[in-house]
$ cat start33.cif   # mmCIF, C-alpha atoms
data_query
loop_
_atom_site.label_atom_id
_atom_site.label_comp_id
_atom_site.auth_asym_id
_atom_site.auth_seq_id
_atom_site.Cartn_x
_atom_site.Cartn_y
_atom_site.Cartn_z
CA MET L 1 123.22 100.90 93.75
CA PRO L 2 123.58 97.57 92.01
CA GLU L 3 123.28 97.11 88.27
CA LYS L 4 119.66 96.16 88.33
CA ASN L 5 117.75 99.33 89.05
CA HIS L 6 114.66 98.97 86.88
CA PHE L 7 111.63 97.33 88.45
CA ASP L 8 107.92 96.99 87.79
CA VAL L 9 107.25 98.34 91.26
CA VAL L 10 109.33 100.29 93.73
CA VAL L 11 107.95 100.11 97.28
CA VAL L 12 109.23 102.81 99.62
CA GLY L 13 109.13 101.77 103.29
CA ALA L 14 109.44 98.27 104.71
CA GLY L 15 106.86 98.45 107.48
CA PRO L 16 103.76 96.23 107.45
CA ALA L 17 102.17 98.10 104.51
CA GLY L 18 105.30 98.16 102.36
CA SER L 19 106.35 94.56 102.98
CA MET L 20 102.84 93.26 102.30
CA ALA L 21 102.67 95.29 99.08
CA ALA L 22 106.07 93.97 97.98
CA LEU L 23 105.16 90.38 98.87
CA HIS L 24 101.88 90.39 96.97
CA ALA L 25 103.25 92.26 93.96
CA VAL L 26 106.13 89.80 93.63
CA ARG L 27 103.86 86.80 94.09
CA GLY L 28 101.65 88.19 91.35
CA GLY L 29 104.56 88.23 88.90
CA CYS L 30 106.07 91.70 89.26
CA SER L 31 109.71 92.60 89.73
CA VAL L 32 109.85 94.52 93.00
CA ALA L 33 112.30 96.75 94.87
CA LEU L 34 111.62 97.18 98.59
CA VAL L 35 113.42 100.25 99.91
CA GLU L 36 113.93 101.07 103.60
CA ARG L 37 115.41 104.27 105.02
CA LYS L 38 116.77 102.58 108.10
CA GLU L 39 119.43 99.92 108.20
CA LYS L 40 117.22 97.50 110.10
CA VAL L 41 113.53 97.00 109.51
CA GLY L 42 111.22 97.62 112.44
CA ILE L 43 113.60 99.38 114.85
CA PRO L 44 112.66 101.33 116.86
CA VAL L 45 109.06 100.17 117.08
CA ARG L 46 106.72 103.17 117.06
CA CYS L 47 103.49 101.45 117.93
CA GLY L 48 101.24 100.17 120.70
CA GLU L 49 101.42 96.72 119.07
CA ALA L 50 97.88 95.56 119.90
CA VAL L 51 95.67 93.92 117.25
CA GLY L 52 92.30 92.24 116.93
CA LEU L 53 92.54 88.80 115.37
CA ARG L 54 89.57 89.30 113.08
CA GLY L 55 90.89 92.38 111.36
CA PHE L 56 94.41 91.00 111.22
CA SER L 57 93.34 87.67 109.71
CA ALA L 58 91.56 89.43 106.88
CA SER L 59 95.00 90.01 105.36
CA LEU L 60 97.49 87.74 107.07
CA ALA L 61 97.69 84.58 109.19
CA LEU L 62 98.87 85.53 112.66
CA ASP L 63 102.16 83.79 113.45
CA ASP L 64 102.49 82.50 117.03
CA ALA L 65 106.06 83.75 117.09
CA TRP L 66 104.79 87.36 117.00
CA ILE L 67 102.47 87.05 120.00
CA LEU L 68 103.60 88.54 123.31
CA ALA L 69 100.32 88.45 125.18
CA SER L 70 96.75 87.32 124.72
CA VAL L 71 94.18 89.86 125.89
CA LYS L 72 91.20 88.61 127.90
CA LYS L 73 89.90 91.90 129.20
CA ILE L 74 89.77 95.55 128.25
CA ARG L 75 89.57 97.96 131.17
CA MET L 76 88.52 101.56 130.60
CA VAL L 77 89.24 103.97 133.42
CA SER L 78 87.34 107.27 133.69
CA PRO L 79 88.89 110.54 134.90
CA GLY L 80 87.40 110.01 138.37
CA GLY L 81 88.78 106.48 138.54
CA VAL L 82 85.67 104.45 137.65
CA SER L 83 86.69 101.24 135.87
CA VAL L 84 84.60 99.57 133.19
CA ASP L 85 85.65 96.08 132.15
CA LEU L 86 84.90 94.60 128.75
CA ILE L 87 85.29 90.87 128.27
CA ASN L 88 83.23 90.38 125.11
CA ILE L 89 86.05 91.55 122.94
CA GLY L 90 86.87 88.73 120.57
CA GLU L 91 90.47 87.58 120.27
CA ASN L 92 93.04 90.31 120.77
CA TYR L 93 96.80 90.12 121.01
CA VAL L 94 99.80 92.25 121.78
CA LEU L 95 102.48 91.63 119.19
CA ASN L 96 106.22 91.97 118.93
CA ARG L 97 106.37 94.32 115.97
CA GLU L 98 110.13 94.14 115.80
CA ILE L 99 109.95 90.45 114.93
CA MET L 100 106.80 90.75 112.83
CA ASP L 101 108.15 93.58 110.66
CA ARG L 102 111.42 91.76 110.10
CA ASP L 103 109.62 88.52 109.21
CA LEU L 104 107.31 90.28 106.75
CA ALA L 105 110.23 91.97 104.97
CA ASP L 106 112.06 88.62 104.91
CA ARG L 107 109.03 86.97 103.33
CA ALA L 108 108.94 89.59 100.58
CA VAL L 109 112.63 89.05 99.91
CA ALA L 110 112.30 85.24 100.01
CA ALA L 111 109.51 85.55 97.42
CA GLY L 112 111.86 87.48 95.12
CA ALA L 113 111.78 91.17 96.03
CA THR L 114 115.11 93.03 96.02
CA PHE L 115 115.75 94.74 99.35
CA PHE L 116 117.59 98.05 99.70
CA GLY L 117 118.33 98.83 103.38
CA ALA L 118 119.78 102.09 104.72
CA THR L 119 118.49 103.76 101.56
CA PRO L 120 116.72 107.07 102.18
CA ILE L 121 114.64 108.31 99.27
CA LEU L 122 114.43 112.04 98.71
CA SER L 123 112.36 112.37 95.56
CA VAL L 124 109.97 110.59 93.23
CA LYS L 125 109.76 112.05 89.73
CA ALA L 126 107.77 111.04 86.67
CA GLU L 127 110.00 110.30 83.68
CA PRO L 128 109.16 109.96 80.00
CA GLY L 129 107.98 106.48 79.04
CA ASN L 130 105.62 105.98 81.99
CA LYS L 131 108.47 105.52 84.44
CA TYR L 132 109.20 106.96 87.83
CA ARG L 133 112.65 107.82 89.05
CA ILE L 134 113.06 107.23 92.77
CA SER L 135 116.19 109.00 93.99
CA GLY L 136 118.26 109.27 97.12
CA PRO L 137 121.86 109.85 98.09
CA GLY L 138 122.63 106.24 97.14
CA GLY L 139 121.50 106.64 93.52
CA ASP L 140 118.39 106.11 91.40
CA LEU L 141 115.83 103.36 91.05
CA TYR L 142 113.24 103.21 88.29
CA GLY L 143 109.76 101.77 88.49
CA SER L 144 106.69 101.59 86.29
CA CYS L 145 104.79 102.32 89.45
CA VAL L 146 105.59 103.37 92.99
CA ILE L 147 103.99 102.40 96.28
CA LEU L 148 104.67 104.94 99.01
CA ALA L 149 104.48 103.28 102.41
CA ASP L 150 106.94 105.54 104.15
CA GLY L 151 105.00 106.17 107.33
CA VAL L 152 103.45 109.12 109.07
CA GLU L 153 106.59 111.16 108.29
CA SER L 154 106.12 110.68 104.53
CA ARG L 155 107.24 113.61 102.42
CA LEU L 156 107.22 111.80 99.12
CA ALA L 157 103.44 111.81 98.80
CA ARG L 158 103.59 115.58 99.07
CA ASP L 159 106.20 115.73 96.34
CA ALA L 160 103.89 113.60 94.23
CA GLY L 161 101.12 116.17 94.55
CA TRP L 162 99.09 115.17 97.61
CA ASP L 163 98.35 117.59 100.42
CA THR L 164 99.29 115.35 103.30
CA ALA L 165 99.71 117.99 106.04
CA LEU L 166 97.62 116.83 108.97
CA ALA L 167 95.23 119.30 110.62
CA PRO L 168 95.83 119.69 114.38
CA ASP L 169 92.57 117.83 115.09
CA ASP L 170 93.69 114.90 112.94
CA ILE L 171 96.85 113.85 114.74
CA GLU L 172 97.75 112.54 118.16
CA SER L 173 101.15 113.44 119.55
CA CYS L 174 102.26 110.30 121.38
CA ALA L 175 104.95 109.19 123.80
CA PHE L 176 105.35 105.61 124.97
CA CYS L 177 107.76 103.35 126.76
CA ARG L 178 108.05 100.00 128.45
CA VAL L 179 107.28 99.72 132.10
CA THR L 180 107.88 96.81 134.42
CA HIS L 181 105.75 96.74 137.56
CA GLU L 182 104.31 93.93 139.65
CA SER L 183 100.78 95.36 139.30
CA ILE L 184 100.77 94.94 135.51
CA ARG L 185 98.51 92.10 134.51
CA ASP L 186 99.59 90.08 131.53
CA ASP L 187 96.09 89.45 130.20
CA SER L 188 94.40 92.83 130.26
CA ILE L 189 94.62 96.02 128.29
CA GLU L 190 93.83 99.36 129.88
CA PHE L 191 92.68 102.70 128.51
CA HIS L 192 92.62 105.83 130.69
CA VAL L 193 90.92 109.09 129.76
CA GLY L 194 90.75 112.46 131.46
CA ARG L 195 92.21 115.94 131.37
CA ASN L 196 94.66 115.03 134.12
CA VAL L 197 95.84 112.08 132.00
CA THR L 198 96.06 113.69 128.56
CA PRO L 199 93.95 116.19 126.57
CA GLY L 200 91.94 114.88 123.62
CA GLY L 201 93.32 111.37 123.71
CA PHE L 202 93.93 108.47 126.06
CA ALA L 203 96.67 106.60 127.84
CA TRP L 204 97.13 102.92 127.08
CA VAL L 205 98.66 99.97 128.91
CA PHE L 206 99.33 97.01 126.63
CA PRO L 207 100.92 93.98 128.33
CA ARG L 208 104.00 92.36 126.84
CA GLY L 209 104.32 89.53 129.38
CA SER L 210 106.34 89.18 132.60
CA HIS L 211 104.63 92.20 134.20
CA THR L 212 105.99 94.45 131.50
CA ALA L 213 103.74 96.67 129.39
CA ASN L 214 103.91 99.12 126.54
CA VAL L 215 102.56 102.22 128.29
CA GLY L 216 101.88 105.33 126.27
CA LEU L 217 99.56 108.21 125.66
CA GLY L 218 98.48 110.56 122.92
CA ALA L 219 97.43 114.18 123.08
CA LEU L 220 95.32 115.71 120.32
CA GLY L 221 97.37 118.05 118.13
CA SER L 222 95.04 120.99 118.66
CA MET L 223 95.44 120.67 122.44
CA CYS L 224 99.19 120.08 122.42
CA THR L 225 102.09 122.12 123.64
CA SER L 226 105.74 121.33 123.11
CA GLY L 227 106.84 118.22 124.99
CA LEU L 228 103.40 117.66 126.55
CA ALA L 229 103.13 113.97 125.67
CA LYS L 230 106.40 113.07 127.36
CA GLU L 231 105.62 115.07 130.52
CA ARG L 232 102.16 113.57 130.80
CA LEU L 233 103.46 110.06 130.26
CA LYS L 234 106.00 110.44 133.05
CA ALA L 235 103.30 111.77 135.39
CA PHE L 236 100.95 108.92 134.44
CA ILE L 237 103.59 106.31 135.20
CA GLU L 238 104.55 107.92 138.51
CA ARG L 239 100.89 107.93 139.57
CA ASN L 240 100.01 104.42 138.48
CA TYR L 241 103.30 102.55 138.75
CA PRO L 242 105.30 104.25 141.48
CA GLY L 243 108.93 103.27 141.48
CA ALA L 244 108.64 101.41 138.16
CA THR L 245 111.55 101.12 135.77
CA ILE L 246 110.97 102.93 132.47
CA HIS L 247 112.83 101.90 129.39
CA THR L 248 112.76 102.28 125.62
CA LEU L 249 111.06 105.68 125.68
CA HIS L 250 110.03 106.77 122.20
CA CYS L 251 107.56 109.07 120.55
CA GLY L 252 105.53 109.28 117.38
CA GLY L 253 102.54 110.77 115.64
CA VAL L 254 99.34 108.87 114.99
CA PRO L 255 96.98 110.16 112.28
CA VAL L 256 93.38 110.17 113.48
CA GLY L 257 91.63 111.79 110.56
CA ARG L 258 90.31 110.48 107.28
CA TRP L 259 92.44 108.61 104.82
CA LEU L 260 94.27 110.39 102.04
CA LYS L 261 92.25 110.91 98.90
CA PRO L 262 92.79 109.76 96.26
CA LEU L 263 94.95 106.78 97.18
CA VAL L 264 96.24 106.53 93.62
CA LYS L 265 97.58 109.23 91.29
CA ASN L 266 98.77 108.07 87.88
CA GLY L 267 101.31 105.38 88.78
CA VAL L 268 101.78 106.35 92.42
CA MET L 269 99.92 104.64 95.25
CA VAL L 270 100.02 105.46 98.97
CA ALA L 271 99.50 102.94 101.78
CA GLY L 272 99.56 102.65 105.56
CA ASP L 273 100.35 105.58 107.87
CA ALA L 274 101.60 107.55 104.86
CA ALA L 275 98.02 107.36 103.53
CA ARG L 276 96.66 108.09 107.02
CA GLN L 277 94.95 104.68 107.04
CA VAL L 278 94.44 104.44 110.79
CA ASN L 279 91.42 103.87 112.99
CA SER L 280 90.57 107.42 114.14
CA LEU L 281 89.16 106.34 117.47
CA SER L 282 91.73 103.80 118.64
CA GLY L 283 94.74 104.90 116.61
CA ALA L 284 95.18 101.29 115.51
CA GLY L 285 97.05 101.07 112.23
CA ILE L 286 98.57 97.58 111.89
CA THR L 287 95.60 95.75 110.44
CA TYR L 288 94.75 98.60 108.09
CA ALA L 289 98.35 98.77 106.90
CA LEU L 290 98.40 95.02 106.21
CA PHE L 291 95.14 95.23 104.31
CA ALA L 292 96.15 98.29 102.31
CA GLY L 293 99.58 96.85 101.48
CA LYS L 294 98.11 93.58 100.32
CA ALA L 295 95.41 95.32 98.27
CA ALA L 296 97.97 97.65 96.67
CA GLY L 297 100.38 94.80 95.86
CA GLU L 298 97.66 92.61 94.40
CA THR L 299 96.32 95.49 92.35
CA VAL L 300 99.74 96.19 90.87
CA ALA L 301 100.09 92.51 89.93
CA GLU L 302 96.65 92.54 88.27
CA ALA L 303 97.61 95.72 86.39
CA LYS L 304 100.77 94.11 85.13
CA ARG L 305 98.87 91.08 83.85
CA ALA L 306 96.44 93.46 82.12
CA GLN L 307 99.47 95.30 80.69
CA GLY L 308 98.45 98.63 82.11
CA MET L 309 100.41 100.05 85.02
CA ASP L 310 98.31 103.19 84.99
CA TRP L 311 95.59 104.84 87.00
CA ALA L 312 92.85 103.05 85.04
CA HIS L 313 94.07 99.73 86.43
CA LEU L 314 95.67 100.84 89.69
CA HIS L 315 92.75 102.69 91.16
CA ALA L 316 91.08 99.36 91.89
CA TYR L 317 93.21 99.52 95.05
CA GLU L 318 91.17 102.42 96.33
CA ARG L 319 87.92 100.56 95.70
CA LYS L 320 89.16 97.53 97.64
CA TRP L 321 90.27 99.74 100.50
CA ALA L 322 87.07 101.79 100.67
CA ALA L 323 84.85 98.72 100.64
CA TYR L 324 86.41 97.13 103.70
CA CYS L 325 88.82 98.99 106.01
CA GLY L 326 87.86 102.35 104.58
CA LYS L 327 84.32 101.85 105.76
CA GLN L 328 85.53 101.04 109.26
CA GLN L 329 87.80 104.05 109.31
CA MET L 330 84.94 106.37 108.34
CA ARG L 331 82.87 104.92 111.16
CA SER L 332 85.69 105.42 113.64
CA TYR L 333 86.14 108.97 112.39
CA ALA L 334 82.47 109.76 112.92
CA LEU L 335 82.58 108.30 116.45
CA LYS L 336 85.77 110.20 117.27
CA SER L 337 84.24 113.47 116.10
CA MET L 338 81.18 112.88 118.28
CA LEU L 339 83.32 112.03 121.29
CA LEU L 340 85.43 115.16 120.86
CA LYS L 341 82.29 117.28 121.07
CA ASN L 342 81.68 115.80 124.54
CA ASP L 343 85.27 115.62 125.61
CA ASN L 344 85.05 116.54 129.29
CA ASP L 345 85.74 114.68 132.51
CA ALA L 346 82.21 114.90 133.91
CA PHE L 347 80.84 113.30 130.73
CA TYR L 348 83.26 110.36 130.84
CA ASP L 349 82.62 109.85 134.55
CA SER L 350 78.86 109.74 134.14
CA VAL L 351 79.10 107.29 131.24
CA ALA L 352 81.53 105.11 133.19
CA ARG L 353 79.29 105.06 136.26
CA SER L 354 76.32 103.95 134.23
CA LEU L 355 78.36 101.29 132.36
CA ALA L 356 79.92 99.99 135.56
CA LYS L 357 76.46 98.99 136.79
CA GLU L 358 76.06 96.49 133.96
CA PRO L 359 77.48 93.00 134.22
CA PRO L 360 80.72 92.91 132.15
CA GLU L 361 79.58 89.87 130.16
CA ARG L 362 76.74 91.94 128.72
CA LEU L 363 78.89 94.83 127.60
CA THR L 364 79.82 95.04 123.94
CA TYR L 365 81.47 97.88 122.02
CA MET L 366 78.11 98.77 120.54
CA ARG L 367 76.48 98.93 123.96
CA VAL L 368 79.28 101.13 125.21
CA PHE L 369 78.69 103.62 122.43
CA PHE L 370 74.92 103.57 122.83
CA ARG L 371 75.35 104.26 126.51
CA THR L 372 77.91 106.96 125.79
CA PHE L 373 75.55 108.90 123.59
CA ALA L 374 72.35 107.92 125.41
CA ARG L 375 71.60 111.48 126.47
CA HIS L 376 72.27 112.94 123.05
CA PRO L 377 69.37 111.90 120.81
CA LEU L 378 71.02 113.05 117.60
CA MET L 379 74.28 111.28 118.37
CA LEU L 380 72.40 108.20 119.50
CA LEU L 381 70.70 108.12 116.13
CA LYS L 382 74.00 108.58 114.35
CA THR L 383 75.53 105.76 116.41
CA PHE L 384 72.65 103.54 115.45
CA PHE L 385 73.32 104.13 111.76
CA LEU L 386 77.04 103.68 112.19
CA PHE L 387 76.61 100.24 113.74
CA ARG L 388 73.81 99.15 111.48
CA MET R 1 107.92 139.52 102.36
CA PRO R 2 109.22 140.70 105.71
CA GLU R 3 112.57 139.40 106.75
CA LYS R 4 112.30 136.41 109.08
CA ASN R 5 114.42 136.94 112.14
CA ASN R 6 113.63 133.72 113.92
CA VAL R 7 114.24 130.09 113.03
CA ILE R 8 113.02 126.77 114.33
CA VAL R 9 115.89 124.83 115.81
CA VAL R 10 116.17 121.13 116.63
CA ASP R 11 117.61 119.93 119.90
CA ARG R 12 119.27 116.87 118.40
CA PRO R 13 119.96 114.88 121.58
CA VAL R 14 116.26 115.24 122.51
CA CYS R 15 114.83 114.54 119.03
CA ASP R 16 113.68 110.92 118.60
CA GLU R 17 113.42 111.31 114.81
CA CYS R 18 109.79 110.18 114.77
CA GLY R 19 108.75 112.62 112.03
CA THR R 20 105.55 113.81 113.70
CA CYS R 21 106.58 117.39 112.91
CA ILE R 22 106.88 116.51 109.21
CA SER R 23 103.30 115.30 109.11
CA VAL R 24 101.91 118.63 110.35
CA CYS R 25 104.22 121.02 108.50
CA PRO R 26 102.11 122.94 105.96
CA GLN R 27 105.23 123.95 104.02
CA ASN R 28 106.95 120.58 103.67
CA ALA R 29 109.93 122.36 105.18
CA ILE R 30 111.10 119.49 107.38
CA ALA R 31 112.97 116.40 106.19
CA LEU R 32 114.31 113.34 107.93
CA THR R 33 117.47 112.08 106.31
CA GLU R 34 120.27 111.14 108.67
CA SER R 35 118.74 113.51 111.19
CA LEU R 36 115.98 116.10 111.21
CA VAL R 37 116.58 119.11 108.96
CA ILE R 38 114.44 122.25 108.75
CA ASP R 39 114.58 124.41 105.66
CA ALA R 40 114.53 127.96 107.06
CA GLU R 41 113.68 129.39 103.65
CA LYS R 42 110.47 127.38 103.35
CA CYS R 43 109.53 127.75 107.03
CA ILE R 44 106.79 130.28 107.81
CA LEU R 45 107.25 130.02 111.59
CA CYS R 46 103.72 128.73 112.16
CA ARG R 47 105.09 126.71 115.10
CA ARG R 48 102.86 123.70 114.47
CA CYS R 49 105.94 121.50 114.67
CA VAL R 50 106.98 123.08 117.96
CA ASP R 51 103.62 122.42 119.59
CA ILE R 52 103.15 118.89 118.24
CA CYS R 53 106.59 117.53 119.20
CA PRO R 54 105.97 114.85 121.84
CA PHE R 55 109.45 115.31 123.30
CA GLY R 56 109.70 119.10 123.02
CA ALA R 57 112.74 118.91 120.78
CA LEU R 58 111.85 121.93 118.63
CA ALA R 59 111.94 125.58 119.59
CA GLU R 60 111.73 128.94 117.93
CA ASN R 61 114.98 130.79 118.39
CA GLY R 62 115.59 134.47 117.97
CA LYS R 63 118.00 135.88 115.43
CA LYS R 64 119.26 133.78 112.64
CA GLY R 65 122.70 135.31 113.07
CA ALA R 66 124.44 137.42 110.46
CA ARG R 67 122.96 137.21 106.99
#

$ encode --input "start33.cif" --output "structure tokens"
Amino acid sequence: MPEKNHFDVVVVGAGPAGSMAALHAVRGGCSVALVERKEKVGIPVRCGEAVGLRGFSASLALDDAWILASVKKIRMVSPGGVSVDLINIGENYVLNREIMDRDLADRAVAAGATFFGATPILSVKAEPGNKYRISGPGGDLYGSCVILADGVESRLARDAGWDTALAPDDIESCAFCRVTHESIRDDSIEFHVGRNVTPGGFAWVFPRGSHTANVGLGALGSMCTSGLAKERLKAFIERNYPGATIHTLHCGGVPVGRWLKPLVKNGVMVAGDAARQVNSLSGAGITYALFAGKAAGETVAEAKRAQGMDWAHLHAYERKWAAYCGKQQMRSYALKSMLLKNDNDAFYDSVARSLAKEPPERLTYMRVFFRTFARHPLMLLKTFFLFR
Amino acid sequence: MPEKNNVIVVDRPVCDECGTCISVCPQNAIALTESLVIDAEKCILCRRCVDICPFGALAENGKKGAR
């Protein structure tokens, strides 16, 4: 490690959450270390890479260079093959996370953060004098506060006293790859549900241009067996894209529960997948990670100006999170829990048949959910309050 | 505590190092450094990691060998 190893903030993980935290902390006047386990930021991409512009723009201006495809239509396919098309979906894009993640880390560094690549961190320990020692095989770093943005595989938050182990109902075991096939449309996203597709989750098709798509699926942890996601993905691709070339096959876990509470303990903050800040229904985590990272970084900068890098100042991060994305996540969690109670093929088919009768231009997300729970008065009522 | 005979083993060529197993391990027995490492002492053989692995890279193997 270089001579300078004392910082106001040490950010662990240079994904969207970590880089945003580093960028905003440094802009706010903090000295920042941004530490990444891997040599290169953003590789391999473990993500579906789709975002809604509205949520994204709340934290960051979308750079044209990151856009692979613009989505005009969302198609949902029921177990029996009934398609429902949504076109009232706002602006949605499929992004190149590899480029986006690299650019965001570069921005943090250009603003003044010190980057440590290929630097795994094994422990975070409180030291006398309100300091934290962040240690790995490469040596020690010291920070007045620490932001843990080390992904779904985070162990550090556990070391710092959180119980981060995900319950089997709160994680999707996912496999995904890139598929090139002439039938892939470059302007529409697809979601497929059904027991023959995957249990307790869905398969996705997110276009990346030139008839190539990020195709993947997730199976709910409680319904998983070893290697299920990969087997099901291969079967899905054989059925839907016979003879297609598969490349860049990867896997990953997506948290679909509630976010980690509290988000701040003393001088340690958690953000992004490490904090389980993911939409429980869609598994979308990019916009939440950007928001959380920015909120955490800004909060640290405010704390430094107030000369108090402690919980009393840092827990403002949790308030910011809960008031915006946190609210959305709770709503998605409630909807996911209701859906899981009705998770059977006949249910999805009957909902799809009734939705397919409506003209696509009239369908909105809200209408879809009202229709979904139309025959369940209690859930209908709950849905009403969730969308109020 | 009864002696544990079995261990969870990683099939390294199959493992994608995604860390999904880490997120479900109730014992914090799994770490991702240069590759995936399972601490047999901490492991309680609950098999959550085995079932969650998207690629099927983890398995419970009999007999830890001579101890």

$ residues_around --input "start33.cif" --residues "stretch 47-51 of chain R" --least-positions-apart "3" --cutoff "10 Å" --atoms "all atoms listed in the file" --output "MDAnalysis selection string"
(chainID L and resid 167:168 173 221:228) or (chainID R and resid 7:10 19:26 30 43:44 54:60)

$ closest_residue --input "start33.cif" --among "L:Arg155, L:Lys230, L:Arg46, L:Arg102" --to "R:Cys53" --atoms "only C-alpha atoms"
L:Lys230

$ atom_distance --input "start33.cif" --atom1 "atom CA of L:Ala284" --atom2 "atom CA of L:Ser354"
26.7 Å

$ resolve_selection --input "start33.cif" --expression "the PyMOL selection byres ((chain L and resi 60) around 9)" --output "list of chain:residue names"
L:Phe56, L:Ser57, L:Ala58, L:Ser59, L:Ala61, L:Leu62, L:Asp63, L:Thr287, L:Leu290, L:Phe291, L:Lys294

$ write_last_selection --input "start33.cif" --atoms "C-alpha atoms" --output "mmCIF file, keeping the file's coordinate frame"
data_model
loop_
_atom_site.group_PDB
_atom_site.id
_atom_site.type_symbol
_atom_site.label_atom_id
_atom_site.label_comp_id
_atom_site.auth_asym_id
_atom_site.auth_seq_id
_atom_site.Cartn_x
_atom_site.Cartn_y
_atom_site.Cartn_z
ATOM 1 C CA PHE L 56 94.410 91.000 111.220
ATOM 2 C CA SER L 57 93.340 87.670 109.710
ATOM 3 C CA ALA L 58 91.560 89.430 106.880
ATOM 4 C CA SER L 59 95.000 90.010 105.360
ATOM 5 C CA ALA L 61 97.690 84.580 109.190
ATOM 6 C CA LEU L 62 98.870 85.530 112.660
ATOM 7 C CA ASP L 63 102.160 83.790 113.450
ATOM 8 C CA THR L 287 95.600 95.750 110.440
ATOM 9 C CA LEU L 290 98.400 95.020 106.210
ATOM 10 C CA PHE L 291 95.140 95.230 104.310
ATOM 11 C CA LYS L 294 98.110 93.580 100.320
#

$ resolve_selection --input "start33.cif" --expression "the PyMOL selection byres ((chain L and resi 289) around 10)" --output "VMD selection string"
chain L and resid 15 to 21 56 59 149 151 271 to 278 284 to 288 290 to 295 325

$ resolve_selection --input "start33.cif" --expression "the PyMOL selection byres ((chain R and resi 31) around 12)" --output "CSV table (one decimal) with C-alpha atoms, in the coordinates of the input"
chain,number,residue,atom,x,y,z
L,120,PRO,CA,116.7,107.1,102.2
L,121,ILE,CA,114.6,108.3,99.3
L,122,LEU,CA,114.4,112.0,98.7
L,123,SER,CA,112.4,112.4,95.6
L,153,GLU,CA,106.6,111.2,108.3
L,154,SER,CA,106.1,110.7,104.5
L,155,ARG,CA,107.2,113.6,102.4
L,156,LEU,CA,107.2,111.8,99.1
L,158,ARG,CA,103.6,115.6,99.1
L,159,ASP,CA,106.2,115.7,96.3
R,10,VAL,CA,116.2,121.1,116.6
R,17,GLU,CA,113.4,111.3,114.8
R,18,CYS,CA,109.8,110.2,114.8
R,19,GLY,CA,108.8,112.6,112.0
R,20,THR,CA,105.6,113.8,113.7
R,21,CYS,CA,106.6,117.4,112.9
R,22,ILE,CA,106.9,116.5,109.2
R,23,SER,CA,103.3,115.3,109.1
R,25,CYS,CA,104.2,121.0,108.5
R,27,GLN,CA,105.2,124.0,104.0
R,28,ASN,CA,107.0,120.6,103.7
R,29,ALA,CA,109.9,122.4,105.2
R,30,ILE,CA,111.1,119.5,107.4
R,32,LEU,CA,114.3,113.3,107.9
R,33,THR,CA,117.5,112.1,106.3
R,34,GLU,CA,120.3,111.1,108.7
R,35,SER,CA,118.7,113.5,111.2
R,36,LEU,CA,116.0,116.1,111.2
R,37,VAL,CA,116.6,119.1,109.0
R,38,ILE,CA,114.4,122.2,108.8
R,39,ASP,CA,114.6,124.4,105.7
R,40,ALA,CA,114.5,128.0,107.1
R,42,LYS,CA,110.5,127.4,103.4
R,43,CYS,CA,109.5,127.8,107.0

$ residues_around --input "start33.cif" --residues "L:Val197" --least-positions-apart "6" --cutoff "9 Å" --atoms "only C-alpha atoms" --output "list in words"
Pro79, Ala203, Leu217, Arg232, Leu233, Ala235 and Phe236 of chain L

$ closest_residue --input "start33.cif" --among "L:Gln329, L:Ser83, L:Asn130, L:Thr164" --to "chain R" --atoms "all atoms listed in the file"
L:Thr164

$ closest_residue --input "start33.cif" --among "R:Cys46, R:Ile52, R:Asn61, R:Cys15" --to "chain L" --atoms "all atoms listed in the file"
R:Ile52

$ axis_aligned_box --input "start33.cif" --around "stretch 50-55 of chain R" --padding-each-side "6 Å" --output "lines of an AutoDock Vina configuration file"
center_x = 106.3
center_y = 119.0
center_z = 120.6
size_x = 18.3
size_y = 20.2
size_z = 17.3

$ residues_near_point --input "start33.cif" --point "(105.5, 91.9, 115.6)" --cutoff "9 Å" --atoms "only C-alpha atoms" --output "list in words"
Gly42, Glu49, Ala65, Trp66, Ile67, Leu68, Val94, Leu95, Asn96, Arg97, Glu98, Ile99, Met100, Asp101, Arg102 and Asp103 of chain L

$ closest_residue --input "start33.cif" --among "L:Asp64, L:Asp349, L:Asp106, L:Glu172" --to "chain R" --atoms "only C-alpha atoms"
L:Glu172

$ closest_residue --input "start33.cif" --among "L:His192, L:His211, L:Arg37, L:Arg371" --to "chain R" --atoms "all atoms listed in the file"
L:Arg37

$ atom_distance --input "start33.cif" --atom1 "atom CA of L:Lys304" --atom2 "atom CA of L:Asp8"
8.2 Å

$ closest_residue --input "start33.cif" --among "L:Val12, L:Cys251, L:Leu86, L:Val109" --to "chain R" --atoms "only C-alpha atoms"
L:Cys251

$ atom_distance --input "start33.cif" --atom1 "atom CA of L:Asn214" --atom2 "atom CA of L:Val270"
28.6 Å
